[in-house]
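Novice: Can you read through this structure? Questions will come right after.
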Amino acid sequence: MKLGWKKRLFVIIGILLSSVVIVYAVLILTMDKPPLTEFSSCQVLLVKAKKVNADVYSPEYYKSAEKKYKAALIEWKIQNEKIFFTRDYSKAKELILTAILKAQEANASSGSNKDSLKMKYLKEVELLKRKLDNYHDVFIHLPLKVGVRKNYEFGKLSLEQGLSAFGKGDIMLATKRLNEGKSRIGVADKEVNALLKEYFNDYSKWQNWFAATIRLSAQNNNYAFIVDKIKHKGYLYNKGKLTKEYTVELGRNWIGDKLTAGDKATPEGMYKVIKKKAGGDSRYHKAMLINYPNEEDYAHFNIKKRQGLISRNSNIGGLIEIHGDGGKGDDWTSGCIALTDSEIDELFSRIPVGTPVTIVGSMMTLSELLN
Amino acid sequence: MKKGLLKLVAFSFLVVSLASCAKAPQAEIDAANVSIEAAKTAGADRYAPESFNAASEALKTAVTAVEEQNSKFALFRNYDAAKTTLATVATLSSKAVEETTAKKAALKAEVTQSVTDLTTLIASDKELLAKAPKGKEGKAALEAIGQEIAVVETVNTEVTAGLANNEDVLTLSEKIKPAVVKAQGINTELTDVIAKVKGGKKK
């Protein structure tokens with residue numbers, strides 16, 4: 001039985017169409033599949049990472065994850081634009097898998113990074129607070145320029161702004177403010193260090209003096225009075241042991257040794273009480289005169305004079321006392337050491353003529369003082 | 001008759017096939033991107049992070065959904081789910097912008113009030129400082145307080161200028177709040193010192 005040409009044509013077309021459909025079906029079934037699950041996993045991980053602030057605390061991993069995710073998406077898009085049986089998603093898969101790894105690392109490290117940042121922040125806050133306490137307790141007496149003091153105050157406020165941000169959980173802002181504070185305080189510290197570094201060249205001398213004075217007090221079984229100019233404190237020792245601490249006020253130019261009469265500086269050295277004045281003998285309630293200038297002061301004065309550092313006509317001065325009328329909260333004397341009237345009453349009643357009085361720049365080293 | 005029927009079937013098949021080839025919602029994606037960018041420019045990532053992040057995540061989901069459909073054989077593509085998600089992107093972005101505007105306005109009012117409060121506090125601090133007794137730590141301590149007040153005053157001036165120049169209100173708020181606390185602290189400290197001295201004198 002022979003088919004007509006029309007029927008034969010239908011059969012041929014039918015076979016051809018079926019073949020095309022079969023080929024298409026095979027191609028569709030065997031074509032490369034896009035990494036759908038990986039993309040949705042990565043999305044979930046990125047959302048999670050953002051929630052734990054990994055973009056802030058693990059920015060490298062987070063940014064890298066985001067970058068790889070975007071690159072994977074672009075690659076997916078490129079492949080999708082190709083005819084379906086030529087698509088190859090292997091590069092997109094590789095990229096999205098890397099993105100997943102980075103997002104996992106971002107998630108894992110965010111918490112620990114936050115904790116270590118917190119620790120670092122709190123540590124640095126402690127250091128800065130110590131510096132500010134130093135400023136308040138010690139440097140407040142230094143003759144510093146207004147700009148230097150302002151830098152300390154700005155630093156303090158920045159620290160407080162940082163602590164307020166830290167309280168709200170914003171460690172990055174807190175760190176930013178802390179660094180601003182550190183920078184301000186650093187500038188002020190530089191000036192303070194420059195001022196003190198030169199002054200502390202005499203530290204070994206001071207150290208010997210106060211050690212010798214305490215020894216004397218122990219050996220003599222008696223009192224000794226040591227003045228720490230930087231701290232503005234007077235320490236009363238009895239039998240080598242500290243018995244009382246007083247706040248003292250000094251000469252206006254107390255930083256540095258006394259050189260001449262009228263320089264408003266408080267001398268530094270080992271002295272002793274040579275006269276006690278009470279009643280009408282003192283303008284400042286009660287007073288104890290010390291033996292400034294001593295031999296060392298004279299020697300020092302003469303060297304400076306020879307070096308031309310002080311005028312030939314200048315006088316070494318004298319009449320340095322420990323007296324009352326203090327408590328003004330300022331360095332106001334002409335070089336004497338002022339205590340409040342009640343304190344001078346107490347000290348006056350305790351220490352006899354001949355009591356060692358040692359005046360030093362500081363009983364602490366500069367680094368102890370600064371740290 | 002037979003021929004006509006065959007042509008009709010072939011034509012219908014072609015129409016159905018063409019109609020089945022759904023198009024990717026590129027215009028919607030572009031619009032969503034624009035809305036996200038607009039929200040970011042408005043500062044929504046800082047002022048309304050929840051809504052902003054939700055909008056960004058929705059966009060990501062929508063783009064992935066579009067590509068998922070693009071990966072399919074043309075006849076089987078369906079962008080309906082992606083379109084629905086893209087619509088939520090626009091809604092969420094608008095919400096983020098609205099929240100940002102509201103938060104900015106509220107913060108601005110708050111900062112303005114803080115400036116007023118701080119100005120009053122500074123004046124009071126200065127007045128108290130003038131009355132404060134120069135005790136044991138007197139002059140140096142009072143000078144230090146004076147400088148603290150000066151620093152607080154500088155912050156107040158900076159924030160006032162910042163408000164006038166429409167600077168970022170969140171930063172201004174972070175700046176002024178600790179300054180107000182500081183000025184209050186100074187006020188309390190000086191008030192206490194003055195009260196103590198007055199109390200002492202009465203005795």
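Please note that chains go A, B, ... in the order of the structure tokens, that every chain numbers its residues from 1, and that ligands are numbered from 1 in the order shown.
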Excluding Tyr203 of chain A and residues on its chain fewer than 6 positions from it, collect all residues at most 9 Å away from it, counting only C-alpha atoms, and give them as number ranges by chain.
Specialist: A: 360-366
Novice: Now that the selection is made, can you save its residues with N, CA, C and O atoms as a CSV table (one decimal), in the first residue's frame?
Specialist:
```csv
chain,number,residue,atom,x,y,z
A,360,VAL,N,61.3,69.2,97.1
A,360,VAL,CA,61.7,68.5,95.9
A,360,VAL,C,60.7,68.8,94.8
A,360,VAL,O,59.5,69.2,95.1
A,361,GLY,N,61.1,68.7,93.6
A,361,GLY,CA,60.1,68.9,92.4
A,361,GLY,C,59.1,67.8,92.5
A,361,GLY,O,57.9,68.1,92.4
A,362,SER,N,59.5,66.6,92.6
A,362,SER,CA,58.6,65.4,92.7
A,362,SER,C,59.2,64.2,93.4
A,362,SER,O,60.4,64.0,93.3
A,363,MET,N,58.4,63.5,94.1
A,363,MET,CA,58.8,62.3,94.7
A,363,MET,C,58.6,61.1,93.8
A,363,MET,O,59.0,60.0,94.1
A,364,MET,N,57.9,61.3,92.7
A,364,MET,CA,57.7,60.3,91.7
A,364,MET,C,58.5,60.6,90.5
A,364,MET,O,58.7,61.7,90.2
A,365,THR,N,58.8,59.5,89.7
A,365,THR,CA,59.5,59.7,88.4
A,365,THR,C,58.5,60.3,87.5
A,365,THR,O,57.3,60.2,87.7
A,366,LEU,N,59.0,60.9,86.4
A,366,LEU,CA,58.1,61.5,85.4
A,366,LEU,C,57.2,60.4,84.8
A,366,LEU,O,56.0,60.7,84.6
```
Novice: Against chain A, which residues of chain B fall within 9 Å? For each one I want the closest pair of atoms and the distance in Å (one decimal), counting only C-alpha atoms, rows by chain and increasing residue number, as a Markdown table.
Specialist:
```
| residue | atom | partner | partner_atom | distance |
| --- | --- | --- | --- | --- |
| B:Asn53 | CA | A:Val47 | CA | 8.5 |
| B:Glu57 | CA | A:Val47 | CA | 7.4 |
| B:Lys60 | CA | A:Gln43 | CA | 7.7 |
| B:Thr61 | CA | A:Gln43 | CA | 7.8 |
| B:Val63 | CA | A:Leu73 | CA | 8.7 |
| B:Thr64 | CA | A:Phe39 | CA | 7.5 |
| B:Glu67 | CA | A:Lys77 | CA | 6.5 |
| B:Glu68 | CA | A:Leu36 | CA | 7.1 |
| B:Asn70 | CA | A:Asn80 | CA | 5.9 |
| B:Ser71 | CA | A:Asn80 | CA | 5.5 |
| B:Lys72 | CA | A:Phe84 | CA | 8.1 |
| B:Phe73 | CA | A:Phe84 | CA | 7.2 |
| B:Lys134 | CA | A:Lys328 | CA | 6.1 |
| B:Gly135 | CA | A:Lys328 | CA | 6.0 |
| B:Lys136 | CA | A:Gly327 | CA | 4.3 |
| B:Glu137 | CA | A:Gly329 | CA | 4.1 |
| B:Gly138 | CA | A:Gly329 | CA | 3.8 |
| B:Lys139 | CA | A:Gly329 | CA | 4.8 |
| B:Ala140 | CA | A:Gly329 | CA | 6.0 |
| B:Ala141 | CA | A:Gly329 | CA | 7.5 |
| B:Leu142 | CA | A:Gly329 | CA | 8.9 |
| B:Ala144 | CA | A:Ile140 | CA | 7.6 |
| B:Gln147 | CA | A:Lys150 | CA | 6.2 |
| B:Glu148 | CA | A:Glu153 | CA | 5.7 |
| B:Ala150 | CA | A:Lys150 | CA | 8.1 |
| B:Val151 | CA | A:Phe154 | CA | 6.1 |
| B:Val152 | CA | A:Leu157 | CA | 8.0 |
| B:Glu174 | CA | A:Gln161 | CA | 7.0 |
| B:Lys175 | CA | A:Gln161 | CA | 6.5 |
| B:Ile176 | CA | A:Gln161 | CA | 8.5 |
| B:Lys177 | CA | A:Gln161 | CA | 7.7 |
| B:Pro178 | CA | A:Gln161 | CA | 5.3 |
| B:Ala179 | CA | A:Leu157 | CA | 7.1 |
| B:Lys182 | CA | A:Leu157 | CA | 7.9 |
```
Novice: Please, could you write that set of residues out with N, CA, C and O atoms as a compact mmCIF listing (two decimals), in the first residue's frame?
Specialist:
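This went into part.txt:
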```
# COMPACT_ATOMS: atom_id res chain seq x y z
N ASN B 53 16.70 47.96 55.52
CA ASN B 53 17.27 46.63 55.30
C ASN B 53 16.24 45.67 54.72
O ASN B 53 16.56 44.86 53.85
N GLU B 57 16.66 43.72 51.26
CA GLU B 57 16.57 42.25 51.21
C GLU B 57 15.49 41.80 50.22
O GLU B 57 15.67 40.83 49.49
N LYS B 60 16.78 42.00 46.75
CA LYS B 60 17.67 40.86 46.48
C LYS B 60 16.84 39.61 46.13
O LYS B 60 17.13 38.91 45.16
N THR B 61 15.81 39.39 46.95
CA THR B 61 14.94 38.22 46.72
C THR B 61 14.28 38.32 45.36
O THR B 61 14.21 37.33 44.61
N VAL B 63 15.25 40.02 42.65
CA VAL B 63 16.22 39.87 41.56
C VAL B 63 16.57 38.38 41.37
O VAL B 63 16.65 37.89 40.24
N THR B 64 16.73 37.68 42.48
CA THR B 64 17.03 36.24 42.41
C THR B 64 15.85 35.50 41.76
O THR B 64 16.06 34.62 40.93
N GLU B 67 15.90 36.02 38.05
CA GLU B 67 16.92 35.19 37.40
C GLU B 67 16.53 33.70 37.42
O GLU B 67 16.86 32.98 36.49
N GLU B 68 15.83 33.32 38.45
CA GLU B 68 15.36 31.93 38.53
C GLU B 68 14.44 31.64 37.34
O GLU B 68 14.54 30.61 36.69
N ASN B 70 14.37 33.42 34.55
CA ASN B 70 15.16 33.56 33.32
C ASN B 70 15.92 32.28 32.99
O ASN B 70 16.27 32.05 31.84
N SER B 71 16.20 31.51 34.02
CA SER B 71 16.94 30.25 33.80
C SER B 71 16.05 29.18 33.16
O SER B 71 16.54 28.20 32.63
N LYS B 72 14.73 29.41 33.26
CA LYS B 72 13.79 28.41 32.74
C LYS B 72 13.62 28.57 31.23
O LYS B 72 13.93 29.62 30.67
N PHE B 73 13.06 27.55 30.61
CA PHE B 73 12.70 27.62 29.19
C PHE B 73 11.62 28.68 29.04
O PHE B 73 10.71 28.78 29.87
N LYS B 134 36.31 80.21 96.82
CA LYS B 134 37.65 79.72 96.49
C LYS B 134 38.18 78.99 97.70
O LYS B 134 38.84 79.56 98.56
N GLY B 135 37.84 77.74 97.77
CA GLY B 135 38.25 76.94 98.93
C GLY B 135 39.67 76.47 98.82
O GLY B 135 40.51 77.13 98.22
N LYS B 136 39.90 75.29 99.41
CA LYS B 136 41.24 74.73 99.47
C LYS B 136 41.84 74.52 98.08
O LYS B 136 43.00 74.74 97.84
N GLU B 137 40.99 74.04 97.21
CA GLU B 137 41.50 73.80 95.86
C GLU B 137 41.03 74.91 94.93
O GLU B 137 41.13 74.81 93.71
N GLY B 138 40.49 75.94 95.57
CA GLY B 138 39.85 77.08 94.93
C GLY B 138 40.17 77.45 93.51
O GLY B 138 39.60 76.90 92.59
N LYS B 139 41.13 78.35 93.37
CA LYS B 139 41.29 79.02 92.08
C LYS B 139 41.55 78.03 90.93
O LYS B 139 40.91 78.14 89.88
N ALA B 140 42.47 77.13 91.15
CA ALA B 140 42.81 76.18 90.07
C ALA B 140 41.59 75.35 89.68
O ALA B 140 41.32 75.15 88.50
N ALA B 141 40.85 74.88 90.71
CA ALA B 141 39.66 74.06 90.44
C ALA B 141 38.60 74.88 89.71
O ALA B 141 37.97 74.40 88.76
N LEU B 142 38.42 76.12 90.16
CA LEU B 142 37.42 76.97 89.53
C LEU B 142 37.82 77.31 88.09
O LEU B 142 36.97 77.39 87.20
N ALA B 144 39.55 75.36 86.20
CA ALA B 144 39.28 74.13 85.43
C ALA B 144 37.79 74.04 85.08
O ALA B 144 37.43 73.70 83.95
N GLN B 147 36.98 76.30 82.33
CA GLN B 147 37.35 75.76 81.02
C GLN B 147 36.38 74.68 80.56
O GLN B 147 36.07 74.58 79.37
N GLU B 148 35.88 73.92 81.52
CA GLU B 148 34.87 72.90 81.17
C GLU B 148 33.63 73.60 80.59
O GLU B 148 33.09 73.15 79.58
N ALA B 150 33.61 76.46 79.14
CA ALA B 150 33.98 77.00 77.82
C ALA B 150 33.88 75.93 76.74
O ALA B 150 33.40 76.20 75.62
N VAL B 151 34.31 74.71 77.09
CA VAL B 151 34.26 73.61 76.12
C VAL B 151 32.80 73.26 75.79
O VAL B 151 32.44 73.09 74.62
N VAL B 152 31.98 73.20 76.84
CA VAL B 152 30.55 72.90 76.64
C VAL B 152 29.91 73.99 75.76
O VAL B 152 29.11 73.71 74.87
N GLU B 174 24.18 63.26 69.00
CA GLU B 174 25.24 62.53 69.72
C GLU B 174 26.22 63.49 70.37
O GLU B 174 26.80 63.19 71.40
N LYS B 175 26.40 64.63 69.73
CA LYS B 175 27.37 65.62 70.24
C LYS B 175 26.82 66.37 71.46
O LYS B 175 27.53 66.58 72.43
N ILE B 176 25.56 66.76 71.37
CA ILE B 176 25.04 67.68 72.39
C ILE B 176 24.61 66.97 73.68
O ILE B 176 24.74 67.55 74.77
N LYS B 177 24.16 65.73 73.57
CA LYS B 177 23.63 65.06 74.76
C LYS B 177 24.66 64.99 75.90
O LYS B 177 24.36 65.38 77.03
N PRO B 178 25.88 64.49 75.64
CA PRO B 178 26.87 64.45 76.73
C PRO B 178 27.23 65.86 77.25
O PRO B 178 27.56 66.01 78.41
N ALA B 179 27.13 66.86 76.35
CA ALA B 179 27.44 68.23 76.78
C ALA B 179 26.40 68.72 77.79
O ALA B 179 26.74 69.39 78.77
N LYS B 182 27.10 67.08 81.01
CA LYS B 182 28.27 67.70 81.63
C LYS B 182 27.88 69.03 82.29
O LYS B 182 28.26 69.30 83.43
```
Novice: Under the rule that only C-alpha atoms are counted, which of B:Ala39, B:Ala32, B:Ala74, B:Ala183 is the nearest residue to Glu99 of chain B?
Specialist: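 Checking each of B:Ala39, B:Ala32, B:Ala74, B:Ala183 against Glu99 of chain B, counting only C-alpha atoms, the winner is B:Ala39.
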Novice: Counting only C-alpha atoms, what is within 12 Å of Met270 of chain A, bar same-chain residues fewer than 2 positions away, as JSON, numbers by chain?
Specialist: {"A": [205, 206, 207, 208, 209, 210, 211, 212, 213, 214, 216, 224, 225, 226, 227, 267, 268, 272, 273, 290, 291, 292, 293, 294, 295, 296, 297, 354, 355, 356, 357, 358, 359, 360]}
Novice: Would you write out those residues with N, CA and C atoms, as an mmCIF file, in the first residue's frame?
Specialist:
```cif
data_model
loop_
_atom_site.group_PDB
_atom_site.id
_atom_site.type_symbol
_atom_site.label_atom_id
_atom_site.label_comp_id
_atom_site.auth_asym_id
_atom_site.auth_seq_id
_atom_site.Cartn_x
_atom_site.Cartn_y
_atom_site.Cartn_z
ATOM 1 N N LYS A 205 68.591 63.885 91.976
ATOM 2 C CA LYS A 205 68.956 64.742 93.114
ATOM 3 C C LYS A 205 67.803 64.759 94.138
ATOM 4 N N TRP A 206 66.601 64.947 93.639
ATOM 5 C CA TRP A 206 65.424 64.973 94.523
ATOM 6 C C TRP A 206 65.280 63.643 95.267
ATOM 7 N N GLN A 207 65.504 62.573 94.505
ATOM 8 C CA GLN A 207 65.351 61.230 95.071
ATOM 9 C C GLN A 207 66.321 61.054 96.253
ATOM 10 N N ASN A 208 67.567 61.493 96.030
ATOM 11 C CA ASN A 208 68.565 61.389 97.109
ATOM 12 C C ASN A 208 68.140 62.229 98.305
ATOM 13 N N TRP A 209 67.627 63.418 98.019
ATOM 14 C CA TRP A 209 67.234 64.308 99.111
ATOM 15 C C TRP A 209 66.126 63.707 99.957
ATOM 16 N N PHE A 210 65.061 63.229 99.288
ATOM 17 C CA PHE A 210 63.945 62.754 100.133
ATOM 18 C C PHE A 210 64.282 61.446 100.844
ATOM 19 N N ALA A 211 65.171 60.632 100.216
ATOM 20 C CA ALA A 211 65.589 59.393 100.891
ATOM 21 C C ALA A 211 66.423 59.753 102.130
ATOM 22 N N ALA A 212 67.306 60.720 101.950
ATOM 23 C CA ALA A 212 68.168 61.145 103.064
ATOM 24 C C ALA A 212 67.338 61.766 104.182
ATOM 25 N N THR A 213 66.299 62.511 103.791
ATOM 26 C CA THR A 213 65.455 63.188 104.797
ATOM 27 C C THR A 213 64.685 62.160 105.635
ATOM 28 N N ILE A 214 64.154 61.146 104.954
ATOM 29 C CA ILE A 214 63.403 60.111 105.682
ATOM 30 C C ILE A 214 64.363 59.351 106.614
ATOM 31 N N LEU A 216 67.047 60.566 107.980
ATOM 32 C CA LEU A 216 67.336 61.474 109.097
ATOM 33 C C LEU A 216 66.233 61.417 110.153
ATOM 34 N N ALA A 224 60.330 65.233 110.208
ATOM 35 C CA ALA A 224 60.921 65.823 108.993
ATOM 36 C C ALA A 224 59.757 66.205 108.092
ATOM 37 N N PHE A 225 59.920 67.284 107.342
ATOM 38 C CA PHE A 225 58.832 67.755 106.476
ATOM 39 C C PHE A 225 59.330 67.787 105.035
ATOM 40 N N ILE A 226 58.630 67.052 104.153
ATOM 41 C CA ILE A 226 59.039 67.018 102.743
ATOM 42 C C ILE A 226 57.929 67.637 101.879
ATOM 43 N N VAL A 227 58.327 68.551 101.009
ATOM 44 C CA VAL A 227 57.347 69.192 100.114
ATOM 45 C C VAL A 227 57.538 68.659 98.700
ATOM 46 N N PRO A 267 62.206 77.506 96.462
ATOM 47 C CA PRO A 267 63.498 76.819 96.295
ATOM 48 C C PRO A 267 63.381 75.298 96.427
ATOM 49 N N GLU A 268 64.385 74.617 95.931
ATOM 50 C CA GLU A 268 64.452 73.153 96.056
ATOM 51 C C GLU A 268 65.757 72.805 96.749
ATOM 52 N N LYS A 272 66.405 73.283 106.861
ATOM 53 C CA LYS A 272 65.858 72.990 108.190
ATOM 54 C C LYS A 272 65.193 74.237 108.760
ATOM 55 N N VAL A 273 64.328 74.030 109.724
ATOM 56 C CA VAL A 273 63.642 75.162 110.354
ATOM 57 C C VAL A 273 64.662 75.868 111.243
ATOM 58 N N ILE A 290 63.015 78.865 107.100
ATOM 59 C CA ILE A 290 64.006 77.821 106.779
ATOM 60 C C ILE A 290 65.311 78.478 106.320
ATOM 61 N N ASN A 291 66.359 77.683 106.293
ATOM 62 C CA ASN A 291 67.688 78.258 106.025
ATOM 63 C C ASN A 291 68.008 78.373 104.536
ATOM 64 N N TYR A 292 67.082 78.942 103.786
ATOM 65 C CA TYR A 292 67.396 79.285 102.395
ATOM 66 C C TYR A 292 68.030 80.655 102.405
ATOM 67 N N PRO A 293 69.062 80.933 101.715
ATOM 68 C CA PRO A 293 69.864 80.034 100.892
ATOM 69 C C PRO A 293 70.906 79.255 101.703
ATOM 70 N N ASN A 294 71.076 78.010 101.369
ATOM 71 C CA ASN A 294 72.134 77.234 102.024
ATOM 72 C C ASN A 294 73.382 77.245 101.129
ATOM 73 N N GLU A 295 74.366 76.482 101.510
ATOM 74 C CA GLU A 295 75.646 76.522 100.761
ATOM 75 C C GLU A 295 75.452 76.110 99.297
ATOM 76 N N GLU A 296 74.669 75.102 99.122
ATOM 77 C CA GLU A 296 74.435 74.599 97.752
ATOM 78 C C GLU A 296 73.742 75.662 96.886
ATOM 79 N N ASP A 297 72.789 76.381 97.534
ATOM 80 C CA ASP A 297 72.081 77.440 96.803
ATOM 81 C C ASP A 297 73.052 78.532 96.373
ATOM 82 N N GLY A 354 65.107 73.233 113.890
ATOM 83 C CA GLY A 354 66.099 72.201 113.541
ATOM 84 C C GLY A 354 65.517 71.056 112.739
ATOM 85 N N THR A 355 64.159 71.044 112.633
ATOM 86 C CA THR A 355 63.510 69.964 111.867
ATOM 87 C C THR A 355 63.900 70.071 110.386
ATOM 88 N N PRO A 356 64.331 68.949 109.778
ATOM 89 C CA PRO A 356 64.664 69.001 108.355
ATOM 90 C C PRO A 356 63.432 69.328 107.501
ATOM 91 N N VAL A 357 63.606 70.214 106.553
ATOM 92 C CA VAL A 357 62.552 70.547 105.591
ATOM 93 C C VAL A 357 63.165 70.374 104.198
ATOM 94 N N THR A 358 62.665 69.418 103.462
ATOM 95 C CA THR A 358 63.222 69.159 102.130
ATOM 96 C C THR A 358 62.176 69.482 101.073
ATOM 97 N N ILE A 359 62.600 70.264 100.104
ATOM 98 C CA ILE A 359 61.657 70.644 99.034
ATOM 99 C C ILE A 359 62.168 70.041 97.724
ATOM 100 N N VAL A 360 61.316 69.180 97.131
ATOM 101 C CA VAL A 360 61.698 68.540 95.863
ATOM 102 C C VAL A 360 60.659 68.843 94.783
#
```
Novice: Could you give me, as a PyMOL selection string, the residues within 9 Å of Val111 of chain B, counting only C-alpha atoms and dropping anything in the same chain fewer than 2 positions from it?
Specialist: chain B and resi 106-109+113-116+159-160+163+169+172-173+176-177
Novice: If you keep C-alpha atoms, can you produce a file of those selected residues as a compact mmCIF listing (two decimals), in the first residue's frame?
Specialist:
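Ended up saving to result23.txt:
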```txt
# COMPACT_ATOMS: atom_id res chain seq x y z
CA ALA B 106 11.82 64.48 66.04
CA LEU B 107 15.58 64.54 66.55
CA LYS B 108 15.81 68.08 65.25
CA ALA B 109 13.19 69.18 67.77
CA GLN B 113 15.41 71.80 72.84
CA SER B 114 18.82 70.57 74.04
CA VAL B 115 20.46 73.72 72.66
CA THR B 116 17.95 75.85 74.58
CA VAL B 159 25.57 72.34 67.33
CA THR B 160 23.62 75.59 66.88
CA LEU B 163 21.27 73.05 63.00
CA VAL B 169 20.97 65.77 63.04
CA LEU B 172 24.44 66.74 66.34
CA SER B 173 22.31 64.80 68.81
CA ILE B 176 25.04 67.68 72.39
CA LYS B 177 23.63 65.06 74.76
```
Novice: Report, in Å with one decimal, the straight-line distance from atom CA of Leu242 of chain A to atom CA of Ile320 of chain A.
Specialist: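 Result for atom CA of Leu242 of chain A versus atom CA of Ile320 of chain A: 23.7 Å, one decimal.
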Novice: Between atom CA of Lys63 of chain A and atom CA of Leu170 of chain B, measure the distance and give it in Å to one decimal.
Specialist: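 Taking atom CA of Lys63 of chain A as the start and atom CA of Leu170 of chain B as the end point, the length is 24.9 Å.
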Novice: Among segment 141-319 of chain A, which ones does DSSP assign to alpha helix (DSSP H) (computed from the backbone)? Answer as a ChimeraX atom specification.
Specialist: /A:146-167,171-199,203-219,295-306
Novice: I'd like the neighbourhood of segment 131-135 of chain A as a list in words, where a residue qualifies if any of its atoms comes within 8 Å (using only C-alpha atoms), though same-chain residues fewer than 3 positions away should be ignored.
Specialist: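 Near segment 131-135 of chain A, the qualifying residues are Leu127, Leu128, Val138, Phe139, Ile140, Tyr152, Lys156, Leu369, Leu370 and Asn371 of chain A.
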Novice: Would you please work out which residue, of B:Glu158, B:Glu37, B:Glu153, B:Glu189, is nearest to Ile122 of chain B when using only C-alpha atoms?
Specialist: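 Using only C-alpha atoms, the shortest distance to Ile122 of chain B belongs to B:Glu153.
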